Amino acid sequence: MAVITPPSYVRQVLTTLQAHGNAAYLVGGCVRDMILGVHPQDWDVCTSALPEAVLALFPGSRPTGLQHGTVTVVLGAHQVEVTTFRLEGGYADHRHPDEVRFVGDLTADLSRRDFTINAIALSSDGILVDPFGGVQDLRERRIRCVGVAEERFEEDALRMFRALRFSARLGFEIEGSTMAAIEEKAPLAATLAPERIRDEVEKLLLTRQPEKLAVLIGAGLLDRFLLRRADLEFRLLRLGHLPRKALFRWAALCVLLEEAGCIDSAERFLGALRLDHRSIRCCSDCVSLLHTQPPVSRADWKRLLRVCGVDSADCAARVRDALYGGHCRKALREVLKSGECFSLKHLAVGGDDLLALGLRGRALGDMLNFLLDYVIEFPENNRRELLLSLAGSTEEN
Ligand code: ATP
Ligand code: MG
């Protein structure tokens with residue numbers, strides 16, 4: 001096992017629980033990551049202590065999910081999630097357990113976890129508890145359900161998305177019967193809230209292998225959001241050329257899905273997945289911009305910036321470069337660096353100046369736009385006096 005030791009505040013949580021007669025272990029993602037030699041993002045502890053006892057032992061701790069037995073222990077600037085050993089029963093809606101039962105037994109708690117690699121516990125004296133062969137699966141780079149895969153996906157359909165996300169993040173294969181169960185149970189994805197699917201898809205998009213989204217789509221997990229399925233693995237390889245920023249990868253995904261005939265509107269697709277309005281706008285601008293030829297002259301770039309703003313232009317430039325090659329981003333950066341005006345905000349005259357010249361209403365708006373057009377062509381002329389005299393003489397004619 002790689003030598004990653006938990007920080008002292010995590011050890012303190014374990015030893016405090018144990019000193020009061022409770023069993024306490026590190027569990028889940030942090031144990032998986034430690035074995036892989038990766039520094040865990042967060043530390044989860046499971047314990048035989050009931051939530052009320054955990055709250056009493058750690059002043060300042062918060063009951064974050066009492067019905068699930070989770071308490072957030074706050075130690076200085078750090079937080080540790082402490083969850084009471086529990087079993088779940090009945091999943092009538094394929095999402096939430098109908099019943100959560102606190103149990104005294106670690107193995108029972110591990111058995112309700114999704115994959116063997118996430119069902120390993122580690123005690124404070126370095127003993128691994130691994131009843132489902134998670135360490136071997138880590139060694140053999142495999143995602144495998146704890147127990148019967150079909151049943152586990154029936155309980156919670158989100159686990160199918162998680163399987164593919166971990167596979168993309170860790171570069172692991174999905175074991176045969178687990179993959180077969182994903183294909184069989186994919187229609188259950190329809191029972192999940194779109195927001196939860198969005199979060200999983202986004203996490204997958206941000207891994208080192210975003211093209212694995214093609215497997216998810218191929219299995220039918222996104223059917224309710226797509227016009228049709230397609231074999232996308234090769235196409236989606238290009239997603240990895242974009243920086244790991246959600247907006248860029250969503251935008252590129254929309255372009256590629258549209259290209260493959262899987263969606264006909266980025267706005268509809270992302271709206272159904274409940275992305276925020278700003279991202280939807282940016283992605284759909286990006287798809288529209290990619291339908292047109294890239295700007296050639298500096299003035300063309302400024303006209304584009306004027307219409308869609310810096311964020312959408314930057315996103316479209318990055319997506320175009322990553323998917324089709326080219327140097328749009330460099331060209332855009334140069335335009336932005338030049339400081340040349342492309343918006344009314346930076347025009348050397350404003351509405352008040354034109355009011356003083358006697359312009360009103362529509363005529364005033366038209367004049368501002370005319371002056372902006374002019375300045376976009378002749379950036380050196382974005383000077384107040386010059387524009388006022390131009391406005392004055394144009395108005396007289
Ligand atoms: P990450 O590094 O992405 O946070 P993680 O394994 O810690 O990975 P979490 O979503 O934080 O993932 O969940 C913590 C642990 O809780 C998992 O390792 C797993 O044991 C369990 N778990 C989480 N979600 C589920 C689920 N839907 N079904 C069963 N077990 C789950
Ligand atoms: Mg986690």
# chains A, B, ... in the order shown; residues from 1 in each chain; ligands from 1
$ residues_near_ligand --ligand "ligand 2" --cutoff "12 Å" --atoms "only C-alpha atoms and all ligand atoms" --output "number ranges by chain"
A: 26-33, 39-45, 80-81, 118, 162, 166
$ residues_around --residues "A:Phe172" --least-positions-apart "6" --cutoff "7 Å" --atoms "only C-alpha atoms" --output "ChimeraX atom specification"
/A:141-143
$ residues_around --residues "A:Asp264" --least-positions-apart "3" --cutoff "12 Å" --atoms "only C-alpha atoms" --output "list in words"
Phe225, Leu226, Leu227, Arg228, Cys254, Val255, Leu256, Leu257, Glu258, Glu259, Ala260, Gly261, Glu267, Arg268, Phe269, Leu270, Ser284, Val287 and Ser288 of chain A
$ closest_residue --among "A:Tyr91, A:Arg101, A:Asp156, A:Val82" --to "ligand 1" --atoms "only C-alpha atoms and all ligand atoms"
A:Asp156
$ select_by_dssp --residues "stretch 214-314 of chain A" --states "alpha helix (DSSP H)" --output "compact mmCIF listing (two decimals) with all heavy atoms, in the first residue's frame"
# COMPACT_ATOMS: atom_id res chain seq x y z
N ALA A 214 -19.21 8.22 -24.10
CA ALA A 214 -19.76 7.47 -25.23
C ALA A 214 -20.32 6.12 -24.76
O ALA A 214 -21.32 5.64 -25.29
CB ALA A 214 -18.68 7.26 -26.29
N VAL A 215 -19.68 5.52 -23.76
CA VAL A 215 -20.16 4.23 -23.26
C VAL A 215 -21.49 4.43 -22.55
O VAL A 215 -22.44 3.65 -22.71
CB VAL A 215 -19.12 3.60 -22.28
CG1 VAL A 215 -19.59 2.23 -21.82
CG2 VAL A 215 -17.74 3.53 -22.92
N LEU A 216 -21.56 5.52 -21.80
CA LEU A 216 -22.78 5.85 -21.08
C LEU A 216 -23.94 6.08 -22.06
O LEU A 216 -25.06 5.58 -21.88
CB LEU A 216 -22.47 7.11 -20.25
CG LEU A 216 -23.39 7.55 -19.15
CD1 LEU A 216 -22.56 8.23 -18.06
CD2 LEU A 216 -24.38 8.54 -19.68
N ILE A 217 -23.62 6.81 -23.12
CA ILE A 217 -24.66 7.08 -24.13
C ILE A 217 -25.01 5.80 -24.88
O ILE A 217 -26.17 5.49 -25.10
CB ILE A 217 -24.17 8.19 -25.09
CG1 ILE A 217 -24.11 9.52 -24.34
CG2 ILE A 217 -25.07 8.28 -26.33
CD1 ILE A 217 -23.45 10.66 -25.11
N GLY A 218 -23.97 5.02 -25.21
CA GLY A 218 -24.18 3.76 -25.93
C GLY A 218 -25.05 2.79 -25.14
O GLY A 218 -25.85 2.04 -25.71
N GLU A 233 -17.66 7.02 -29.52
CA GLU A 233 -16.39 6.95 -28.80
C GLU A 233 -15.29 7.73 -29.53
O GLU A 233 -14.57 8.53 -28.93
CB GLU A 233 -15.96 5.49 -28.59
CG GLU A 233 -14.68 5.38 -27.79
CD GLU A 233 -14.83 4.54 -26.52
OE1 GLU A 233 -15.76 3.72 -26.47
OE2 GLU A 233 -13.99 4.72 -25.61
N PHE A 234 -15.19 7.50 -30.84
CA PHE A 234 -14.13 8.14 -31.60
C PHE A 234 -14.32 9.67 -31.62
O PHE A 234 -13.41 10.44 -31.37
CB PHE A 234 -14.12 7.57 -33.02
CG PHE A 234 -12.99 8.09 -33.85
CD1 PHE A 234 -11.68 7.79 -33.53
CD2 PHE A 234 -13.25 8.91 -34.95
CE1 PHE A 234 -10.63 8.30 -34.29
CE2 PHE A 234 -12.21 9.41 -35.71
CZ PHE A 234 -10.90 9.11 -35.37
N ARG A 235 -15.57 10.05 -31.86
CA ARG A 235 -15.90 11.48 -31.92
C ARG A 235 -15.59 12.20 -30.60
O ARG A 235 -15.03 13.29 -30.58
CB ARG A 235 -17.40 11.60 -32.17
CG ARG A 235 -17.81 12.64 -33.17
CD ARG A 235 -19.32 12.65 -33.24
NE ARG A 235 -19.84 11.93 -34.38
CZ ARG A 235 -20.01 12.48 -35.57
NH1 ARG A 235 -19.68 13.73 -35.78
NH2 ARG A 235 -20.51 11.78 -36.57
N LEU A 236 -15.94 11.56 -29.49
CA LEU A 236 -15.81 12.22 -28.19
C LEU A 236 -14.36 12.29 -27.70
O LEU A 236 -14.08 12.97 -26.71
CB LEU A 236 -16.69 11.57 -27.13
CG LEU A 236 -18.21 11.60 -27.36
CD1 LEU A 236 -18.96 11.26 -26.07
CD2 LEU A 236 -18.71 12.95 -27.88
N ALA A 246 -15.81 22.92 -16.88
CA ALA A 246 -17.11 22.35 -17.23
C ALA A 246 -17.73 23.03 -18.45
O ALA A 246 -18.19 22.36 -19.38
CB ALA A 246 -18.04 22.43 -16.03
N LEU A 247 -17.73 24.36 -18.46
CA LEU A 247 -18.40 25.08 -19.54
C LEU A 247 -17.84 24.67 -20.91
O LEU A 247 -18.59 24.41 -21.85
CB LEU A 247 -18.24 26.59 -19.32
CG LEU A 247 -18.91 27.46 -20.36
CD1 LEU A 247 -20.42 27.31 -20.28
CD2 LEU A 247 -18.52 28.92 -20.18
N PHE A 248 -16.53 24.63 -21.02
CA PHE A 248 -15.92 24.29 -22.32
C PHE A 248 -16.30 22.88 -22.75
O PHE A 248 -16.59 22.61 -23.91
CB PHE A 248 -14.39 24.38 -22.24
CG PHE A 248 -13.87 25.75 -21.87
CD1 PHE A 248 -12.63 25.89 -21.24
CD2 PHE A 248 -14.60 26.89 -22.15
CE1 PHE A 248 -12.14 27.13 -20.91
CE2 PHE A 248 -14.12 28.14 -21.80
CZ PHE A 248 -12.88 28.26 -21.18
N ARG A 249 -16.30 21.97 -21.77
CA ARG A 249 -16.57 20.58 -22.15
C ARG A 249 -18.04 20.36 -22.47
O ARG A 249 -18.38 19.60 -23.37
CB ARG A 249 -16.03 19.63 -21.08
CG ARG A 249 -14.50 19.72 -21.05
CD ARG A 249 -13.84 18.49 -20.52
NE ARG A 249 -12.39 18.57 -20.75
CZ ARG A 249 -11.52 17.67 -20.33
NH1 ARG A 249 -11.95 16.61 -19.69
NH2 ARG A 249 -10.23 17.81 -20.58
N TRP A 250 -18.94 21.06 -21.76
CA TRP A 250 -20.36 20.97 -22.12
C TRP A 250 -20.56 21.53 -23.52
O TRP A 250 -21.30 20.96 -24.33
CB TRP A 250 -21.22 21.77 -21.13
CG TRP A 250 -21.60 21.07 -19.87
CD1 TRP A 250 -21.23 21.44 -18.61
CD2 TRP A 250 -22.43 19.90 -19.71
NE1 TRP A 250 -21.77 20.59 -17.68
CE2 TRP A 250 -22.52 19.64 -18.32
CE3 TRP A 250 -23.11 19.07 -20.60
CZ2 TRP A 250 -23.26 18.57 -17.80
CZ3 TRP A 250 -23.86 18.01 -20.08
CH2 TRP A 250 -23.92 17.76 -18.71
N ALA A 251 -19.94 22.67 -23.80
CA ALA A 251 -20.14 23.31 -25.11
C ALA A 251 -19.64 22.38 -26.22
O ALA A 251 -20.32 22.16 -27.23
CB ALA A 251 -19.41 24.65 -25.15
N ALA A 252 -18.45 21.81 -26.01
CA ALA A 252 -17.90 20.92 -27.03
C ALA A 252 -18.78 19.69 -27.19
O ALA A 252 -19.02 19.21 -28.31
CB ALA A 252 -16.48 20.51 -26.65
N LEU A 253 -19.29 19.18 -26.05
CA LEU A 253 -20.17 18.01 -26.13
C LEU A 253 -21.40 18.33 -26.99
O LEU A 253 -21.80 17.54 -27.84
CB LEU A 253 -20.60 17.59 -24.71
CG LEU A 253 -21.60 16.43 -24.67
CD1 LEU A 253 -20.97 15.13 -25.18
CD2 LEU A 253 -22.14 16.22 -23.26
N CYS A 254 -21.98 19.52 -26.79
CA CYS A 254 -23.16 19.90 -27.58
C CYS A 254 -22.82 19.93 -29.07
O CYS A 254 -23.59 19.45 -29.91
CB CYS A 254 -23.68 21.26 -27.13
SG CYS A 254 -24.47 21.21 -25.52
N VAL A 255 -21.67 20.51 -29.39
CA VAL A 255 -21.28 20.59 -30.80
C VAL A 255 -21.18 19.17 -31.38
O VAL A 255 -21.70 18.86 -32.46
CB VAL A 255 -19.93 21.33 -30.96
CG1 VAL A 255 -19.40 21.22 -32.38
CG2 VAL A 255 -20.08 22.80 -30.54
N LEU A 256 -20.53 18.28 -30.64
CA LEU A 256 -20.31 16.92 -31.15
C LEU A 256 -21.61 16.12 -31.22
O LEU A 256 -21.82 15.34 -32.16
CB LEU A 256 -19.28 16.20 -30.26
CG LEU A 256 -17.87 16.83 -30.32
CD1 LEU A 256 -16.96 16.21 -29.25
CD2 LEU A 256 -17.25 16.65 -31.70
N LEU A 257 -22.48 16.32 -30.24
CA LEU A 257 -23.76 15.59 -30.26
C LEU A 257 -24.64 16.08 -31.41
O LEU A 257 -25.33 15.30 -32.06
CB LEU A 257 -24.51 15.76 -28.93
CG LEU A 257 -23.95 15.02 -27.71
CD1 LEU A 257 -24.77 15.35 -26.46
CD2 LEU A 257 -23.93 13.51 -27.94
N GLU A 258 -24.56 17.37 -31.67
CA GLU A 258 -25.35 17.90 -32.78
C GLU A 258 -24.81 17.38 -34.11
O GLU A 258 -25.57 16.94 -34.98
CB GLU A 258 -25.32 19.44 -32.74
CG GLU A 258 -26.51 20.03 -33.46
CD GLU A 258 -26.32 21.47 -33.84
OE1 GLU A 258 -25.26 21.82 -34.41
OE2 GLU A 258 -27.24 22.25 -33.59
N GLU A 259 -23.49 17.37 -34.21
CA GLU A 259 -22.83 16.84 -35.41
C GLU A 259 -23.26 15.39 -35.67
O GLU A 259 -23.41 14.98 -36.82
CB GLU A 259 -21.33 16.87 -35.10
CG GLU A 259 -20.40 17.19 -36.23
CD GLU A 259 -18.97 17.23 -35.68
OE1 GLU A 259 -18.38 16.17 -35.39
OE2 GLU A 259 -18.47 18.34 -35.52
N ALA A 266 -28.85 22.69 -28.49
CA ALA A 266 -28.07 22.67 -27.25
C ALA A 266 -28.94 23.21 -26.11
O ALA A 266 -28.90 22.71 -24.99
CB ALA A 266 -26.81 23.52 -27.40
N GLU A 267 -29.73 24.20 -26.45
CA GLU A 267 -30.56 24.83 -25.42
C GLU A 267 -31.54 23.82 -24.81
O GLU A 267 -31.69 23.74 -23.60
CB GLU A 267 -31.32 25.98 -26.07
CG GLU A 267 -31.79 26.97 -25.08
CD GLU A 267 -32.35 28.21 -25.77
OE1 GLU A 267 -32.12 28.40 -26.99
OE2 GLU A 267 -33.03 28.97 -25.07
N ARG A 268 -32.16 23.04 -25.70
CA ARG A 268 -33.13 22.05 -25.21
C ARG A 268 -32.43 20.95 -24.39
O ARG A 268 -32.88 20.57 -23.31
CB ARG A 268 -33.87 21.41 -26.38
CG ARG A 268 -35.33 21.76 -26.39
CD ARG A 268 -36.17 20.85 -27.26
NE ARG A 268 -35.65 20.66 -28.60
CZ ARG A 268 -35.90 21.47 -29.63
NH1 ARG A 268 -36.65 22.54 -29.46
NH2 ARG A 268 -35.40 21.23 -30.82
N PHE A 269 -31.29 20.48 -24.93
CA PHE A 269 -30.56 19.39 -24.27
C PHE A 269 -30.10 19.83 -22.87
O PHE A 269 -30.36 19.15 -21.88
CB PHE A 269 -29.37 19.02 -25.16
CG PHE A 269 -28.40 18.05 -24.55
CD1 PHE A 269 -28.81 16.77 -24.16
CD2 PHE A 269 -27.06 18.39 -24.37
CE1 PHE A 269 -27.90 15.87 -23.60
CE2 PHE A 269 -26.15 17.50 -23.81
CZ PHE A 269 -26.57 16.23 -23.42
N LEU A 270 -29.45 20.98 -22.82
CA LEU A 270 -28.90 21.43 -21.52
C LEU A 270 -30.01 21.90 -20.58
O LEU A 270 -29.89 21.77 -19.37
CB LEU A 270 -27.87 22.54 -21.74
CG LEU A 270 -26.66 22.13 -22.59
CD1 LEU A 270 -25.73 23.32 -22.79
CD2 LEU A 270 -25.91 20.97 -21.96
N GLY A 271 -31.07 22.44 -21.17
CA GLY A 271 -32.21 22.86 -20.35
C GLY A 271 -32.83 21.64 -19.66
O GLY A 271 -33.15 21.68 -18.47
N ALA A 272 -32.97 20.54 -20.41
CA ALA A 272 -33.55 19.32 -19.83
C ALA A 272 -32.66 18.78 -18.72
O ALA A 272 -33.14 18.17 -17.77
CB ALA A 272 -33.75 18.27 -20.92
N HIS A 277 -28.64 28.99 -16.41
CA HIS A 277 -28.99 29.75 -17.62
C HIS A 277 -27.77 30.32 -18.32
O HIS A 277 -27.70 30.36 -19.55
CB HIS A 277 -29.97 30.87 -17.27
CG HIS A 277 -31.30 30.31 -16.89
ND1 HIS A 277 -32.05 29.53 -17.74
CD2 HIS A 277 -32.00 30.38 -15.74
CE1 HIS A 277 -33.16 29.14 -17.14
NE2 HIS A 277 -33.15 29.65 -15.91
N ARG A 278 -26.80 30.75 -17.55
CA ARG A 278 -25.61 31.37 -18.17
C ARG A 278 -24.84 30.34 -19.01
O ARG A 278 -24.44 30.62 -20.14
CB ARG A 278 -24.72 31.93 -17.05
CG ARG A 278 -23.84 33.02 -17.54
CD ARG A 278 -22.91 33.58 -16.49
NE ARG A 278 -21.62 33.77 -17.11
CZ ARG A 278 -20.59 32.99 -16.92
NH1 ARG A 278 -20.66 31.96 -16.12
NH2 ARG A 278 -19.46 33.23 -17.55
N SER A 279 -24.70 29.15 -18.48
CA SER A 279 -23.99 28.11 -19.22
C SER A 279 -24.77 27.70 -20.47
O SER A 279 -24.19 27.49 -21.54
CB SER A 279 -23.76 26.87 -18.35
OG SER A 279 -23.03 27.20 -17.21
N ILE A 280 -26.09 27.61 -20.34
CA ILE A 280 -26.90 27.22 -21.50
C ILE A 280 -26.73 28.25 -22.61
O ILE A 280 -26.51 27.93 -23.78
CB ILE A 280 -28.39 27.09 -21.11
CG1 ILE A 280 -28.58 25.94 -20.13
CG2 ILE A 280 -29.25 26.90 -22.35
CD1 ILE A 280 -30.01 25.73 -19.64
N ARG A 281 -26.79 29.52 -22.23
CA ARG A 281 -26.66 30.60 -23.20
C ARG A 281 -25.30 30.52 -23.90
O ARG A 281 -25.18 30.57 -25.12
CB ARG A 281 -26.88 31.90 -22.43
CG ARG A 281 -26.34 33.12 -22.98
CD ARG A 281 -27.42 34.04 -23.60
NE ARG A 281 -26.77 34.82 -24.62
CZ ARG A 281 -26.08 35.89 -24.35
NH1 ARG A 281 -26.00 36.34 -23.13
NH2 ARG A 281 -25.48 36.55 -25.32
N CYS A 282 -24.25 30.36 -23.09
CA CYS A 282 -22.91 30.32 -23.63
C CYS A 282 -22.73 29.13 -24.58
O CYS A 282 -22.18 29.25 -25.67
CB CYS A 282 -21.94 30.23 -22.45
SG CYS A 282 -20.32 30.78 -22.80
N CYS A 283 -23.22 27.97 -24.16
CA CYS A 283 -23.07 26.77 -25.00
C CYS A 283 -23.88 26.90 -26.29
O CYS A 283 -23.43 26.49 -27.36
CB CYS A 283 -23.52 25.52 -24.25
SG CYS A 283 -22.43 25.09 -22.89
N SER A 284 -25.06 27.47 -26.19
CA SER A 284 -25.84 27.53 -27.43
C SER A 284 -25.28 28.62 -28.36
O SER A 284 -25.27 28.44 -29.57
CB SER A 284 -27.34 27.61 -27.19
OG SER A 284 -27.72 28.85 -26.78
N ASP A 285 -24.74 29.70 -27.80
CA ASP A 285 -24.00 30.66 -28.64
C ASP A 285 -22.85 29.95 -29.34
O ASP A 285 -22.57 30.16 -30.52
CB ASP A 285 -23.37 31.77 -27.77
CG ASP A 285 -24.39 32.83 -27.37
OD1 ASP A 285 -25.52 32.77 -27.87
OD2 ASP A 285 -24.03 33.69 -26.54
N CYS A 286 -22.16 29.14 -28.58
CA CYS A 286 -20.98 28.45 -29.09
C CYS A 286 -21.37 27.55 -30.27
O CYS A 286 -20.72 27.57 -31.32
CB CYS A 286 -20.37 27.65 -27.94
SG CYS A 286 -18.97 26.68 -28.41
N VAL A 287 -22.46 26.78 -30.11
CA VAL A 287 -22.89 25.91 -31.20
C VAL A 287 -23.24 26.75 -32.43
O VAL A 287 -22.82 26.43 -33.55
CB VAL A 287 -24.10 25.04 -30.77
CG1 VAL A 287 -24.66 24.27 -31.95
CG2 VAL A 287 -23.69 24.09 -29.65
N SER A 288 -23.96 27.86 -32.23
CA SER A 288 -24.32 28.71 -33.39
C SER A 288 -23.08 29.27 -34.05
O SER A 288 -22.97 29.29 -35.28
CB SER A 288 -25.18 29.90 -32.98
OG SER A 288 -26.18 29.51 -32.14
N LEU A 289 -22.12 29.72 -33.23
CA LEU A 289 -20.91 30.31 -33.82
C LEU A 289 -20.13 29.26 -34.62
O LEU A 289 -19.51 29.59 -35.63
CB LEU A 289 -20.01 30.89 -32.72
CG LEU A 289 -20.54 32.19 -32.09
CD1 LEU A 289 -19.70 32.59 -30.88
CD2 LEU A 289 -20.54 33.32 -33.12
N LEU A 290 -20.19 28.03 -34.17
CA LEU A 290 -19.45 27.01 -34.90
C LEU A 290 -20.13 26.61 -36.21
O LEU A 290 -19.54 25.93 -37.03
CB LEU A 290 -19.15 25.79 -34.02
CG LEU A 290 -17.76 25.92 -33.40
CD1 LEU A 290 -17.71 26.90 -32.25
CD2 LEU A 290 -17.20 24.58 -33.00
N ARG A 298 -9.71 41.54 -37.77
CA ARG A 298 -9.88 42.00 -36.40
C ARG A 298 -11.28 42.62 -36.21
O ARG A 298 -11.93 42.42 -35.19
CB ARG A 298 -8.80 43.04 -36.11
CG ARG A 298 -8.63 43.33 -34.67
CD ARG A 298 -7.54 44.32 -34.47
NE ARG A 298 -6.28 43.66 -34.27
CZ ARG A 298 -5.33 44.12 -33.45
NH1 ARG A 298 -5.50 45.26 -32.84
NH2 ARG A 298 -4.21 43.46 -33.29
N ALA A 299 -11.72 43.35 -37.25
CA ALA A 299 -13.06 43.96 -37.15
C ALA A 299 -14.13 42.87 -37.05
O ALA A 299 -15.10 43.01 -36.29
CB ALA A 299 -13.31 44.86 -38.36
N ASP A 300 -13.95 41.76 -37.78
CA ASP A 300 -14.92 40.65 -37.68
C ASP A 300 -14.98 40.12 -36.24
O ASP A 300 -16.05 39.84 -35.72
CB ASP A 300 -14.50 39.47 -38.57
CG ASP A 300 -14.71 39.76 -40.04
OD1 ASP A 300 -15.47 40.70 -40.35
OD2 ASP A 300 -14.09 39.06 -40.88
N TRP A 301 -13.80 39.97 -35.64
CA TRP A 301 -13.76 39.48 -34.26
C TRP A 301 -14.51 40.43 -33.33
O TRP A 301 -15.25 40.01 -32.45
CB TRP A 301 -12.30 39.36 -33.76
CG TRP A 301 -11.71 38.03 -34.08
CD1 TRP A 301 -10.75 37.75 -35.03
CD2 TRP A 301 -12.04 36.77 -33.47
NE1 TRP A 301 -10.46 36.42 -35.04
CE2 TRP A 301 -11.24 35.79 -34.09
CE3 TRP A 301 -12.93 36.39 -32.47
CZ2 TRP A 301 -11.31 34.45 -33.74
CZ3 TRP A 301 -13.00 35.05 -32.11
CH2 TRP A 301 -12.19 34.10 -32.74
N LYS A 302 -14.31 41.73 -33.56
CA LYS A 302 -14.97 42.70 -32.67
C LYS A 302 -16.48 42.68 -32.88
O LYS A 302 -17.25 42.82 -31.92
CB LYS A 302 -14.38 44.10 -32.90
CG LYS A 302 -12.97 44.21 -32.32
CD LYS A 302 -12.41 45.60 -32.44
CE LYS A 302 -11.93 45.88 -33.85
NZ LYS A 302 -11.39 47.23 -34.00
N ARG A 303 -16.91 42.47 -34.13
CA ARG A 303 -18.36 42.39 -34.37
C ARG A 303 -18.95 41.18 -33.64
O ARG A 303 -20.02 41.24 -33.07
CB ARG A 303 -18.65 42.32 -35.88
CG ARG A 303 -18.71 43.71 -36.51
CD ARG A 303 -19.20 43.64 -37.95
NE ARG A 303 -18.10 43.31 -38.85
CZ ARG A 303 -17.27 44.20 -39.37
NH1 ARG A 303 -17.44 45.49 -39.14
NH2 ARG A 303 -16.29 43.84 -40.15
N LEU A 304 -18.17 40.09 -33.66
CA LEU A 304 -18.63 38.88 -32.96
C LEU A 304 -18.70 39.14 -31.45
O LEU A 304 -19.67 38.79 -30.77
CB LEU A 304 -17.67 37.74 -33.27
CG LEU A 304 -17.98 36.34 -32.75
CD1 LEU A 304 -17.43 35.32 -33.72
CD2 LEU A 304 -17.37 36.09 -31.40
N LEU A 305 -17.66 39.79 -30.92
CA LEU A 305 -17.64 40.10 -29.48
C LEU A 305 -18.81 41.00 -29.10
O LEU A 305 -19.41 40.86 -28.04
CB LEU A 305 -16.32 40.78 -29.12
CG LEU A 305 -15.12 39.84 -28.99
CD1 LEU A 305 -13.81 40.62 -29.06
CD2 LEU A 305 -15.19 39.05 -27.69
N ARG A 306 -19.11 41.90 -30.01
CA ARG A 306 -20.20 42.84 -29.73
C ARG A 306 -21.51 42.08 -29.57
O ARG A 306 -22.32 42.38 -28.70
CB ARG A 306 -20.30 43.80 -30.92
CG ARG A 306 -21.46 44.73 -30.86
CD ARG A 306 -21.54 45.47 -32.16
NE ARG A 306 -22.56 46.48 -32.15
CZ ARG A 306 -22.78 47.30 -33.15
NH1 ARG A 306 -22.02 47.25 -34.24
NH2 ARG A 306 -23.73 48.19 -33.09
N VAL A 307 -21.72 41.09 -30.43
CA VAL A 307 -22.99 40.37 -30.41
C VAL A 307 -23.08 39.37 -29.24
O VAL A 307 -24.07 39.29 -28.54
CB VAL A 307 -23.21 39.62 -31.75
CG1 VAL A 307 -24.46 38.77 -31.69
CG2 VAL A 307 -23.26 40.61 -32.88
N CYS A 308 -21.99 38.61 -29.03
CA CYS A 308 -22.17 37.52 -28.06
C CYS A 308 -21.35 37.67 -26.79
O CYS A 308 -21.49 36.83 -25.87
CB CYS A 308 -21.93 36.16 -28.71
SG CYS A 308 -20.25 35.90 -29.16
N GLY A 309 -20.51 38.69 -26.67
CA GLY A 309 -19.77 38.89 -25.42
C GLY A 309 -18.51 38.04 -25.36
O GLY A 309 -18.31 37.11 -26.13
N VAL A 310 -17.68 38.38 -24.37
CA VAL A 310 -16.35 37.76 -24.29
C VAL A 310 -16.45 36.27 -23.93
O VAL A 310 -15.77 35.43 -24.52
CB VAL A 310 -15.47 38.48 -23.23
CG1 VAL A 310 -14.13 37.79 -23.07
CG2 VAL A 310 -15.25 39.94 -23.63
N ASP A 311 -17.32 35.93 -22.97
CA ASP A 311 -17.37 34.53 -22.51
C ASP A 311 -17.73 33.57 -23.64
O ASP A 311 -17.08 32.54 -23.83
CB ASP A 311 -18.38 34.37 -21.37
CG ASP A 311 -17.86 35.02 -20.09
OD1 ASP A 311 -16.68 35.41 -20.06
OD2 ASP A 311 -18.65 35.13 -19.13
N SER A 312 -18.80 33.91 -24.38
CA SER A 312 -19.22 33.00 -25.45
C SER A 312 -18.18 32.96 -26.56
O SER A 312 -17.90 31.89 -27.12
CB SER A 312 -20.55 33.44 -26.05
OG SER A 312 -21.57 33.31 -25.09
N ALA A 313 -17.59 34.11 -26.87
CA ALA A 313 -16.58 34.14 -27.94
C ALA A 313 -15.37 33.30 -27.54
O ALA A 313 -14.84 32.52 -28.35
CB ALA A 313 -16.15 35.59 -28.21
N ASP A 314 -14.96 33.43 -26.30
CA ASP A 314 -13.80 32.66 -25.82
C ASP A 314 -14.10 31.16 -25.84
O ASP A 314 -13.29 30.35 -26.30
CB ASP A 314 -13.44 33.12 -24.40
CG ASP A 314 -12.27 32.34 -23.84
OD1 ASP A 314 -11.22 32.27 -24.52
OD2 ASP A 314 -12.39 31.78 -22.74
$ atom_distance --atom1 "atom CA of A:Glu202" --atom2 "atom CA of A:Ala163"
14.0 Å
$ residues_around --residues "A:Cys328" --least-positions-apart "3" --cutoff "8 Å" --atoms "only C-alpha atoms" --output "VMD selection string"
chain A and resid 294 317 to 318 320 to 321 331 to 332
$ closest_residue --among "A:His78, A:Arg159, A:His327, A:Arg224" --to "ligand 1" --atoms "only C-alpha atoms and all ligand atoms"
A:Arg159
$ closest_residue --among "A:Ala92, A:Met160, A:Ile35, A:Val148" --to "ligand 1" --atoms "only C-alpha atoms and all ligand atoms"
A:Met160
$ closest_residue --among "A:Cys341, A:Met179, A:Ala24, A:Leu232" --to "A:Ile127" --atoms "only C-alpha atoms"
A:Ala24
$ closest_residue --among "A:Leu192, A:Leu158, A:Leu354, A:Ile376" --to "ligand 1" --atoms "only C-alpha atoms and all ligand atoms"
A:Leu158
$ closest_residue --among "A:Arg112, A:Arg86, A:Arg62, A:Arg384" --to "ligand 1" --atoms "only C-alpha atoms and all ligand atoms"
A:Arg112
$ residues_around --residues "A:Glu380" --least-positions-apart "4" --cutoff "12 Å" --atoms "only C-alpha atoms" --output "list in words"
Ser338, Gly339, Glu340, Cys341, Leu347, Ala348, Tyr374, Val375, Ile376, Arg384, Leu386 and Leu387 of chain A
$ write_last_selection --atoms "C-alpha atoms" --output "tab-separated table (two decimals), in the first residue's frame"
chain	number	residue	atom	x	y	z
A	338	SER	CA	-5.40	45.50	-28.14
A	339	GLY	CA	-8.03	47.14	-25.91
A	340	GLU	CA	-9.94	48.21	-29.04
A	341	CYS	CA	-13.57	49.07	-28.48
A	347	LEU	CA	-17.37	53.86	-26.76
A	348	ALA	CA	-15.87	57.29	-26.10
A	374	TYR	CA	-17.59	53.13	-37.16
A	375	VAL	CA	-15.19	52.64	-34.24
A	376	ILE	CA	-15.03	48.91	-34.85
A	384	ARG	CA	-14.89	61.85	-27.84
A	386	LEU	CA	-14.23	63.28	-33.10
A	387	LEU	CA	-17.28	61.11	-32.44
